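Novice: One structure coming up, written as structure tokens, with questions to follow.
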Amino acid sequence: MSHISPVLWQFLTNWMKASPLFPPEASTIAPYADALYLFLVVITIIGLVLVGALVVGFSVRYRKERSPEATQIEGSTLLEATWTLIPLGLFLIAFVWGALLYFRIYNPPTNAMQVYVVGKQWMWKAEHPGGQHEINALHIPIGRPVQVTLISQDVFHSFSVPDFRVKREAIPGRYTTVWFEATQPGRYHIFCTQYCGTEHSGMIGWVTAMTPDAYAAWAAGSTSGASLAQNGERLFASLGCNACHSGDPAARGPNLAGVYDSRIRLQDGTTAVADDAYLRDAILNPSQHVPAGYAPIMPTYQGQINEDGMIDLVEYIKSLHSNFRVQQTLNTTQLSSTQTNGATPSAAAGVKP
Amino acid sequence: MDSPAIATVNGEMQAEAHAHPAYLRHHFETVEQQREAASFGMWLFLLTEVMFFGGMFMAYLIYRNWYHAAFVAGSNTLNIWLGTINTAVLICSSFTMAMAVYSAEKRRRKSLVTYLILTIVLGLAFLGIKAVEYAEKFELHQVPGASFSIEQFVHPTDPKAVALAPDMAEKTQVYFSLYFAMTGMHALHMIIGISILLILVVRALGGAYTEGHMSTIENFGLYWHFVDIVWIFLFPLLYLISRYR
Amino acid sequence: MSSANTIVQLPDQSTAQLPRKHYLNQELGLKSWLLTGDHKRIAMLYLFSITFFFFIGGAFASLIRLQLLTPGSDLLAPDTYNKVFSMHGIVMIFLFLVPSVPATLGNFLIPIMIGAKDLAFPKINLLSWYLFVAGGLFILAAMILGGVDTGWTFTTPLSTHYLNTHVVTAALGIFIAGFASILTGLNFIVTIHRMRAPGMTWFRLPLFVWGHYAASILMVLGTPVLAITLVLVALERTIGIGVFDPTKGGDPLLFQHLFWFYSHPAVYIMILPGMAVISEVISTFSRKRIFGYTAVAFSSVAIAIFGFFVWEHHMFIMGVSNYSALVFSLLTMLVAVPSAIKIFNWSATLYKGSITFETPMLYAFGFLGLFTIGGLTGVFLGSMGMDVHLTETYFIVAHFHFVMVGGMLMAYLAGMHFWWPKITGRMYPEAISKLAAVVTFIGFIFTFFPQFILGYLGMPRRYASYPPEFQVLNVLSTAGASILAVGYLLPMLYMPWSLKYGKIAGNNPWQATGLEWQITSPPLTENFVETPIVDHEAYDYEWLANQTEHEVKTVG
């Protein structure tokens, strides 16, 4: 719409931003959502004015005092076809437009920064790959697409940032994703919009959008010291994953280096792309994800790793681009087994007691 | 425009009105209308039943696709002989029910009562066998819930059985959830059917249904056959598919 | 296009008399009511019960609005608030809206409109009322024992594993009340197919009957799916089966699919009978046949059919496949079209009419305006990308209240006023009831319009407390709700008053064409002295003008 009349568009968006009736437009998606919203509002107003004009107009003109006799009319196929086809056309525009917006909201750009958010009764836990952990808060840089991978630890939650015009359900047992790119520094509400029990209305957090410099400073100052991949690495070692996934060609488990985002041929002849959801599922339900050429001997880790630990492991596997890291992990375990303090606290944190 | 037709209809109606059979309810014009309405109503009711069971069949279809191995293993724990006997029992009960309808049509009170009682007996036999099967599941800790155990599927004692990985063995719980939900709902329908049959027997002893008006028996027969058909779908889906012994 | 002119004069009511014997005084005593097979009496039983439940649901609504007056949880603790909105939803949907028009007006009028003495299965009709009451009692019990806080949507695994309230009792209540709805729908379908009077062809049926026929299809096919879903939820809670439990391998999204497979068509179960009422009211008070009868009739059936294939639009943000969302969004757009056809056909019916503005017509106008907004905001939500921002916010709350309350409740009140003279034999007081209609309309707009804005601002639904920036609009909404409450209380006062003091109505006070207006008010127990023969189409005002006695031709 902006190319139709930039001046009008400027006026409208400025008016909207100043109006208390519209939420701030704080993401790159927001103007697209608002454009569709305005289109739909205009259709609604036209429809309402049309129906109102017909009803009021006819009521005045054909009220009994002025029109003592009713003229019986059977109908008119032409007229009815008109008011079938015109709404249909408008609704189809809404459909196509809405579908385009939907695909924009749910298909993240490939260069998006990854953040994980775990919903649980009644808080949002955000985890950055760099090892920054936040509760009911999410710090992001502006001007950079951020992909949020969501999962719930208990019931359905819904991650909603109205000022970004995005929302996605956090579902127990499966990853969902949403992305946005903040345009303005500021603080924006995160709401849980899916009813999730007693403190549902307390499950509110803040997205803090920062300039890239401020974000870099925040990230450096808030890290827990170990990145998610590093936590995952420790977890990988403490769970003994590297016993089979050692990267050795003769190992009992497949080499995990470079496996992320690759297409894997499975034992039953089908293929699957090893995305986040696949990796998570393969750890929990290994017998349903046996790669061709391997024996189905991997035990399940169902009930042993919580969702945070799961994310650490997935991040670790993602970070493996060569065997080198696994070898290092192997060495680390051998080393740490000789040390007195054993597993590090954050690795232990990922394992369910 | 179609007044002659209406006139004849009304002529008939009036003729009927004079010979009001006792079972013609006041708001119907003709016996035929009453019979058709009752039968149409029954078919519609069966349609709602199809939708009722349909939800569970849908769930079965999805989960069977996801957890095929678990469904195969779960299916193999069922006692195929008891299942087959039960199928035979149910088909026989459908036969006796059909004979009951036939007896009502032929206005034979005694044979109607006999066949209804036979149907009850067969229905009870079905439930009895089902109870035996359920009891076995309780003993084997195959009832979903706190006492459910996957031990039998991970380390089967039966040499022919395929051992499942623990994660897949967990999914047998989904199979047994559906098994109990589907057969349980089916058994509930049987219990309701048997209760109605008892009422029918009492009323048939009093001479009802053998005096020309038999749509109650006819419609109950439809219900009974429907419950039977549900089993005819449940039996292969739960017991037979992918059996290895 | 054929046309002819008709003048309709309203009859003089000064000489009108009540019939000596009618369905209300044919038999007396409580037993004659509780064991009745008469569809009219069962309709009255339903009327009392749903009015009772409406006020319970209304009381919960008042608590909701009072709580939301301030941003904090000042009136109710969050878990109490959760129970209050859950009970509001459960009571209003399952115990008021679903049975509202069909079980009262539909029960009363369908047999009469098609020229039958009763519904096909009077005993099943009575059974359906008892089931409804039993279901209602279970839900009341759940309420009294400590409430239920699942929301009316019973989302798993929240409802199955995380809540400690009376979920099973409430689910059982809905299950039982659901069977009442199935039996009502089944009875209607059989009656409409098999009990029509001679000459009453399908295309001579009043549109009221068509609307109920379509709604009945949905009741019969949709409700059993809800029933089995709730059974599975109850089994999961009690014995721990794992069909919807993600920790056991079940899929909670399957619950969503099954639940919305009923609960979206349920929206049409609720609105189609309302549309059915509007067709009758608009035709009568503009003294004109409905513009495009066939289109309006078929649009009801089209809504019923398409209504079954749009359920996934409740799940656009739940991680369903983008492409399946695409299909369901398209189908959602298609289901909006028949509603648009109806709105325009009703508007066109006014053209060249001879319009008067009695109370039912005012409510019907209210329906047209509010349903237009409600329907078009539905398009916002069917449009996938827009739905992402709007779903689960107050926008959706406003949307379905515009459809359900602005649409259905307006239609219900229109119908109640319209057929009140037929049901009771007496007129309601016109001046105060017009006031009530206007107050309801104004109160409604103030209550629910601000919620659209709240929703776009992002206020989530089912929040016991909210950030302070949303307060102004919430206060406006609560203020509107208090006006709305007055609008609903007024009929509760003057309707009973009119039973004794209302003017005697006469057989056909509105000069309407339906068969129900050609018999006595209140009708006889048998409805018709003789089976009527129908030789004209619905809304045939010329035929009516030629009737001297306003009595249909009867046999013999």
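Letters A, B, ... mark the chains of the structure tokens in the order given; residue numbers begin at 1 per chain; ligand numbers begin at 1, in order shown.
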Within 7 Å of chain A, which residues of chain B show up? Give each one with its shortest atom-to-atom distance in Å (one decimal) and the two atoms involved, counting only C-alpha atoms, rows by chain then rising residue number, as a Markdown table.
Specialist:
```
| residue | atom | partner | partner_atom | distance |
| --- | --- | --- | --- | --- |
| B:Ala165 | CA | A:Ser287 | CA | 6.1 |
| B:Pro166 | CA | A:Thr300 | CA | 6.6 |
| B:Asp167 | CA | A:Asn285 | CA | 5.2 |
| B:Met168 | CA | A:Ser287 | CA | 6.5 |
```
Novice: Those same residues, written as a CSV table (one decimal), in the first residue's frame with N, CA and C atoms?
Specialist:
```
chain,number,residue,atom,x,y,z
B,165,ALA,N,11.9,-51.4,21.4
B,165,ALA,CA,12.7,-50.5,22.1
B,165,ALA,C,11.9,-49.8,23.2
B,166,PRO,N,12.5,-49.4,24.3
B,166,PRO,CA,11.7,-48.9,25.4
B,166,PRO,C,10.8,-47.7,25.0
B,167,ASP,N,11.3,-46.8,24.1
B,167,ASP,CA,10.5,-45.6,23.7
B,167,ASP,C,9.3,-46.0,22.9
B,168,MET,N,9.5,-47.1,22.1
B,168,MET,CA,8.3,-47.5,21.3
B,168,MET,C,7.4,-48.3,22.2
```
Novice: Give the residues of chain C that lie within 8 Å of chain B; count only C-alpha atoms, and format the answer as an NGL selection string.
Specialist: :C and (116-120 or 182 or 186-187 or 190-191 or 194-195 or 198-199 or 220-225 or 227-229 or 232 or 239-243 or 248-250 or 254 or 258 or 526 or 555)
Novice: Write the residues of the selection above to a file with N, CA, C and O atoms, as a CSV table (one decimal), in the first residue's frame.
Specialist:
```csv
chain,number,residue,atom,x,y,z
C,116,ALA,N,-48.4,-30.0,11.6
C,116,ALA,CA,-48.5,-31.3,12.3
C,116,ALA,C,-49.1,-31.1,13.7
C,116,ALA,O,-49.1,-30.0,14.3
C,117,LYS,N,-49.5,-32.2,14.3
C,117,LYS,CA,-50.0,-32.1,15.7
C,117,LYS,C,-49.0,-32.1,16.7
C,117,LYS,O,-49.2,-31.6,17.8
C,118,ASP,N,-47.8,-32.7,16.4
C,118,ASP,CA,-46.7,-32.7,17.4
C,118,ASP,C,-45.5,-33.1,16.6
C,118,ASP,O,-45.5,-33.3,15.4
C,119,LEU,N,-44.3,-33.1,17.4
C,119,LEU,CA,-43.1,-33.6,16.8
C,119,LEU,C,-43.3,-35.1,16.6
C,119,LEU,O,-44.1,-35.7,17.2
C,120,ALA,N,-42.4,-35.7,15.8
C,120,ALA,CA,-42.5,-37.1,15.5
C,120,ALA,C,-42.4,-38.0,16.8
C,120,ALA,O,-43.1,-39.0,16.9
C,182,ILE,N,-28.7,-33.6,20.7
C,182,ILE,CA,-28.8,-34.6,19.6
C,182,ILE,C,-30.3,-35.0,19.4
C,182,ILE,O,-30.8,-35.1,18.3
C,186,LEU,N,-32.5,-34.6,16.1
C,186,LEU,CA,-33.1,-35.8,15.5
C,186,LEU,C,-34.6,-35.7,15.3
C,186,LEU,O,-35.1,-36.0,14.2
C,187,ASN,N,-35.2,-35.2,16.4
C,187,ASN,CA,-36.7,-35.1,16.3
C,187,ASN,C,-37.1,-34.1,15.3
C,187,ASN,O,-38.0,-34.3,14.5
C,190,VAL,N,-36.6,-35.6,11.6
C,190,VAL,CA,-37.6,-36.6,11.3
C,190,VAL,C,-39.0,-35.9,11.1
C,190,VAL,O,-39.7,-36.2,10.2
C,191,THR,N,-39.3,-35.0,12.0
C,191,THR,CA,-40.6,-34.2,11.9
C,191,THR,C,-40.7,-33.5,10.6
C,191,THR,O,-41.7,-33.6,9.9
C,194,ARG,N,-41.1,-36.1,7.7
C,194,ARG,CA,-42.2,-37.1,7.7
C,194,ARG,C,-43.6,-36.5,8.1
C,194,ARG,O,-44.6,-37.2,8.0
C,195,MET,N,-43.6,-35.3,8.8
C,195,MET,CA,-44.8,-34.9,9.4
C,195,MET,C,-45.5,-33.7,8.7
C,195,MET,O,-46.4,-33.1,9.2
C,198,PRO,N,-50.5,-32.2,4.2
C,198,PRO,CA,-50.6,-32.3,2.8
C,198,PRO,C,-50.5,-31.0,2.1
C,198,PRO,O,-51.0,-30.0,2.5
C,199,GLY,N,-49.7,-31.0,1.0
C,199,GLY,CA,-49.4,-29.7,0.3
C,199,GLY,C,-48.3,-28.9,0.8
C,199,GLY,O,-47.8,-28.0,0.1
C,220,VAL,N,-27.0,-33.2,15.0
C,220,VAL,CA,-27.0,-34.7,15.0
C,220,VAL,C,-25.6,-35.2,14.6
C,220,VAL,O,-25.1,-36.2,15.1
C,221,LEU,N,-24.9,-34.5,13.7
C,221,LEU,CA,-23.6,-35.0,13.3
C,221,LEU,C,-22.4,-34.5,14.1
C,221,LEU,O,-21.4,-35.1,14.2
C,222,GLY,N,-22.6,-33.3,14.7
C,222,GLY,CA,-21.4,-32.7,15.4
C,222,GLY,C,-21.3,-33.1,16.9
C,222,GLY,O,-20.3,-33.5,17.4
C,223,THR,N,-22.5,-33.1,17.6
C,223,THR,CA,-22.5,-33.3,19.0
C,223,THR,C,-21.9,-34.6,19.4
C,223,THR,O,-21.1,-34.6,20.5
C,224,PRO,N,-22.1,-35.7,18.7
C,224,PRO,CA,-21.5,-37.0,19.2
C,224,PRO,C,-20.0,-36.9,19.2
C,224,PRO,O,-19.3,-37.6,20.1
C,225,VAL,N,-19.4,-36.1,18.4
C,225,VAL,CA,-17.9,-36.0,18.4
C,225,VAL,C,-17.4,-35.3,19.7
C,225,VAL,O,-16.4,-35.7,20.3
C,227,ALA,N,-19.1,-35.4,22.4
C,227,ALA,CA,-19.4,-36.4,23.5
C,227,ALA,C,-18.2,-37.3,23.6
C,227,ALA,O,-17.7,-37.5,24.7
C,228,ILE,N,-17.7,-37.9,22.5
C,228,ILE,CA,-16.6,-38.9,22.7
C,228,ILE,C,-15.3,-38.2,23.1
C,228,ILE,O,-14.6,-38.7,23.9
C,229,THR,N,-15.2,-37.0,22.7
C,229,THR,CA,-14.0,-36.2,23.1
C,229,THR,C,-14.0,-36.0,24.6
C,229,THR,O,-13.0,-36.2,25.3
C,232,LEU,N,-13.2,-39.2,26.4
C,232,LEU,CA,-11.8,-39.5,26.5
C,232,LEU,C,-11.0,-38.6,27.5
C,232,LEU,O,-10.1,-39.0,28.2
C,239,ILE,N,-8.7,-42.5,34.9
C,239,ILE,CA,-7.9,-43.7,34.9
C,239,ILE,C,-6.6,-43.6,34.2
C,239,ILE,O,-5.7,-44.4,34.3
C,240,GLY,N,-6.4,-42.4,33.6
C,240,GLY,CA,-5.0,-42.2,33.0
C,240,GLY,C,-4.7,-42.8,31.7
C,240,GLY,O,-3.6,-43.2,31.4
C,241,ILE,N,-5.8,-42.9,30.8
C,241,ILE,CA,-5.4,-43.4,29.4
C,241,ILE,C,-4.6,-42.3,28.8
C,241,ILE,O,-4.6,-41.1,29.3
C,242,GLY,N,-4.0,-42.6,27.6
C,242,GLY,CA,-3.1,-41.6,27.1
C,242,GLY,C,-3.4,-41.1,25.7
C,242,GLY,O,-2.4,-40.8,24.9
C,243,VAL,N,-4.6,-40.9,25.3
C,243,VAL,CA,-4.9,-40.5,24.0
C,243,VAL,C,-4.5,-39.1,23.7
C,243,VAL,O,-4.0,-38.8,22.6
C,248,LYS,N,2.7,-39.7,27.3
C,248,LYS,CA,2.5,-41.1,27.0
C,248,LYS,C,2.5,-41.3,25.5
C,248,LYS,O,2.3,-42.5,25.0
C,249,GLY,N,2.7,-40.3,24.7
C,249,GLY,CA,2.8,-40.5,23.2
C,249,GLY,C,1.5,-40.0,22.5
C,249,GLY,O,1.4,-40.1,21.3
C,250,GLY,N,0.5,-39.6,23.3
C,250,GLY,CA,-0.7,-39.0,22.7
C,250,GLY,C,-0.4,-37.6,22.2
C,250,GLY,O,0.6,-37.0,22.5
C,254,LEU,N,-4.6,-33.5,18.8
C,254,LEU,CA,-5.8,-34.3,18.4
C,254,LEU,C,-7.0,-33.8,19.1
C,254,LEU,O,-8.1,-33.8,18.6
C,258,LEU,N,-10.5,-32.6,17.5
C,258,LEU,CA,-11.8,-33.2,17.8
C,258,LEU,C,-12.8,-32.2,18.4
C,258,LEU,O,-13.9,-32.2,18.1
C,526,GLU,N,-54.0,-29.9,20.4
C,526,GLU,CA,-53.8,-30.7,19.2
C,526,GLU,C,-53.3,-29.7,18.0
C,526,GLU,O,-53.3,-30.2,16.9
C,555,VAL,N,-59.4,-29.9,6.4
C,555,VAL,CA,-60.1,-31.1,5.9
C,555,VAL,C,-61.5,-31.2,6.5
C,555,VAL,O,-61.7,-30.9,7.6
```
Novice: Name the residues in contact with stretch 54-67 of chain C at a cut-off of 10 Å, using only C-alpha atoms, excluding same-chain residues fewer than 5 positions from it; report them as a ChimeraX atom specification.
Specialist: /C:48-49,72-78,81-93,95-97,100,140,447,462-465,474-475,477-482,485,488-489
Novice: Using atom CA of B:Val202 and atom CA of B:Leu116 as the two end points, give the distance in Å to one decimal.
Specialist: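 About the pair atom CA of B:Val202 and atom CA of B:Leu116: they are 10.2 Å apart.
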Novice: Enumerate as a ChimeraX atom specification all residues of stretch 40-213 of chain B assigned to helix (DSSP H, G or I) by DSSP on the backbone, naming them with the chain letters and numbers the document uses.
Specialist: /B:40-66,68-77,80-105,109-139,151-154,166-170,172-205
Novice: So the first atom is atom CA of C:Ile50 and the second is atom CA of C:Ser279; what is the distance between them in Å, to one decimal place?
Specialist: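 Straight-line distance from atom CA of C:Ile50 to atom CA of C:Ser279 works out to 23.1 Å.
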Novice: Measuring between only C-alpha atoms, which one of C:Val167, C:Met315, C:Leu127, C:Ile110 shows the shortest distance to chain A?
Specialist: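 Among the listed residues, the smallest separation from chain A belongs to C:Met315.
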Novice: Residues of chain A near chain C: apply a cut-off of 7 Å, count only C-alpha atoms, and supply the list as number ranges by chain.
Specialist: A: 21-23, 33, 37, 40, 44, 48, 51-52, 54-55, 58-59, 62-64, 67-76, 83-84, 87-88, 91-92, 94-95, 98-99, 101-102, 155, 162, 165-169, 172-173, 176, 193-196, 198-201
Novice: Hey, what's within 9 Å of A:Ala26 if we count only C-alpha atoms and toss same-chain stuff fewer than 4 positions away? As a compact mmCIF listing (two decimals) with N, CA, C and O atoms, in the first residue's frame, please?
Specialist:
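So out.txt came out as:
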```txt
# COMPACT_ATOMS: atom_id res chain seq x y z
N ALA A 30 4.82 -5.74 11.61
CA ALA A 30 3.70 -4.92 12.06
C ALA A 30 3.04 -4.08 10.95
O ALA A 30 1.82 -4.10 10.82
N PRO A 31 3.81 -3.38 10.10
CA PRO A 31 3.14 -2.58 9.06
C PRO A 31 2.34 -3.45 8.09
O PRO A 31 1.26 -3.06 7.65
N ASP A 163 2.96 -5.91 20.03
CA ASP A 163 3.58 -4.80 19.30
C ASP A 163 4.36 -5.28 18.09
O ASP A 163 4.68 -4.50 17.20
N PHE A 164 4.68 -6.58 18.06
CA PHE A 164 5.32 -7.15 16.88
C PHE A 164 4.30 -7.82 15.97
O PHE A 164 4.64 -8.29 14.88
N ARG A 165 3.05 -7.95 16.44
CA ARG A 165 1.95 -8.60 15.71
C ARG A 165 2.25 -10.08 15.44
O ARG A 165 1.85 -10.62 14.41
N GLU A 181 11.48 -9.13 13.54
CA GLU A 181 12.64 -8.24 13.51
C GLU A 181 12.18 -6.92 14.11
O GLU A 181 11.34 -6.24 13.53
N ALA A 182 12.69 -6.61 15.28
CA ALA A 182 12.28 -5.37 15.95
C ALA A 182 12.86 -4.18 15.21
O ALA A 182 13.96 -4.25 14.68
N THR A 183 12.08 -3.10 15.17
CA THR A 183 12.55 -1.92 14.45
C THR A 183 12.87 -0.76 15.39
O THR A 183 13.61 0.14 15.03
N GLN A 184 12.26 -0.77 16.57
CA GLN A 184 12.44 0.35 17.48
C GLN A 184 12.99 -0.16 18.80
O GLN A 184 12.44 -1.11 19.34
N PRO A 185 14.00 0.48 19.37
CA PRO A 185 14.40 0.08 20.72
C PRO A 185 13.24 0.36 21.67
O PRO A 185 12.50 1.34 21.49
N GLY A 186 13.08 -0.48 22.65
CA GLY A 186 11.99 -0.25 23.61
C GLY A 186 11.63 -1.53 24.31
O GLY A 186 12.23 -2.58 24.08
N TYR A 188 8.56 -4.18 25.15
CA TYR A 188 7.27 -4.62 24.62
C TYR A 188 6.78 -5.83 25.40
O TYR A 188 7.58 -6.69 25.77
```
Novice: Please measure the separation of atom CA of C:Ile192 and atom CA of C:Thr36, giving the value in Å to one decimal.
Specialist: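 Between atom CA of C:Ile192 and atom CA of C:Thr36 the gap works out to 21.3 Å.
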Novice: Let me make sure I understand: among C:Phe367, C:Phe179, C:Phe309, C:Phe298, which one has the smallest atom-to-atom distance to C:Gly415 if we use only C-alpha atoms?
Specialist: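 Closest residue, counting only C-alpha atoms: C:Phe367.
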Novice: Name all residues at most 10 Å from C:Val486 (count only C-alpha atoms; drop same-chain ones fewer than 4 positions away) and give them as a VMD selection string.
Specialist: chain C and resid 436 439 to 440 443 481 to 482 490 to 492
Novice: Stretch 207-220 of chain A: which residues within 6 Å, counting only C-alpha atoms, same-chain residues fewer than 4 positions away excluded, as an MDAnalysis selection string?
Specialist: chainID A and resid 137:142 185:188
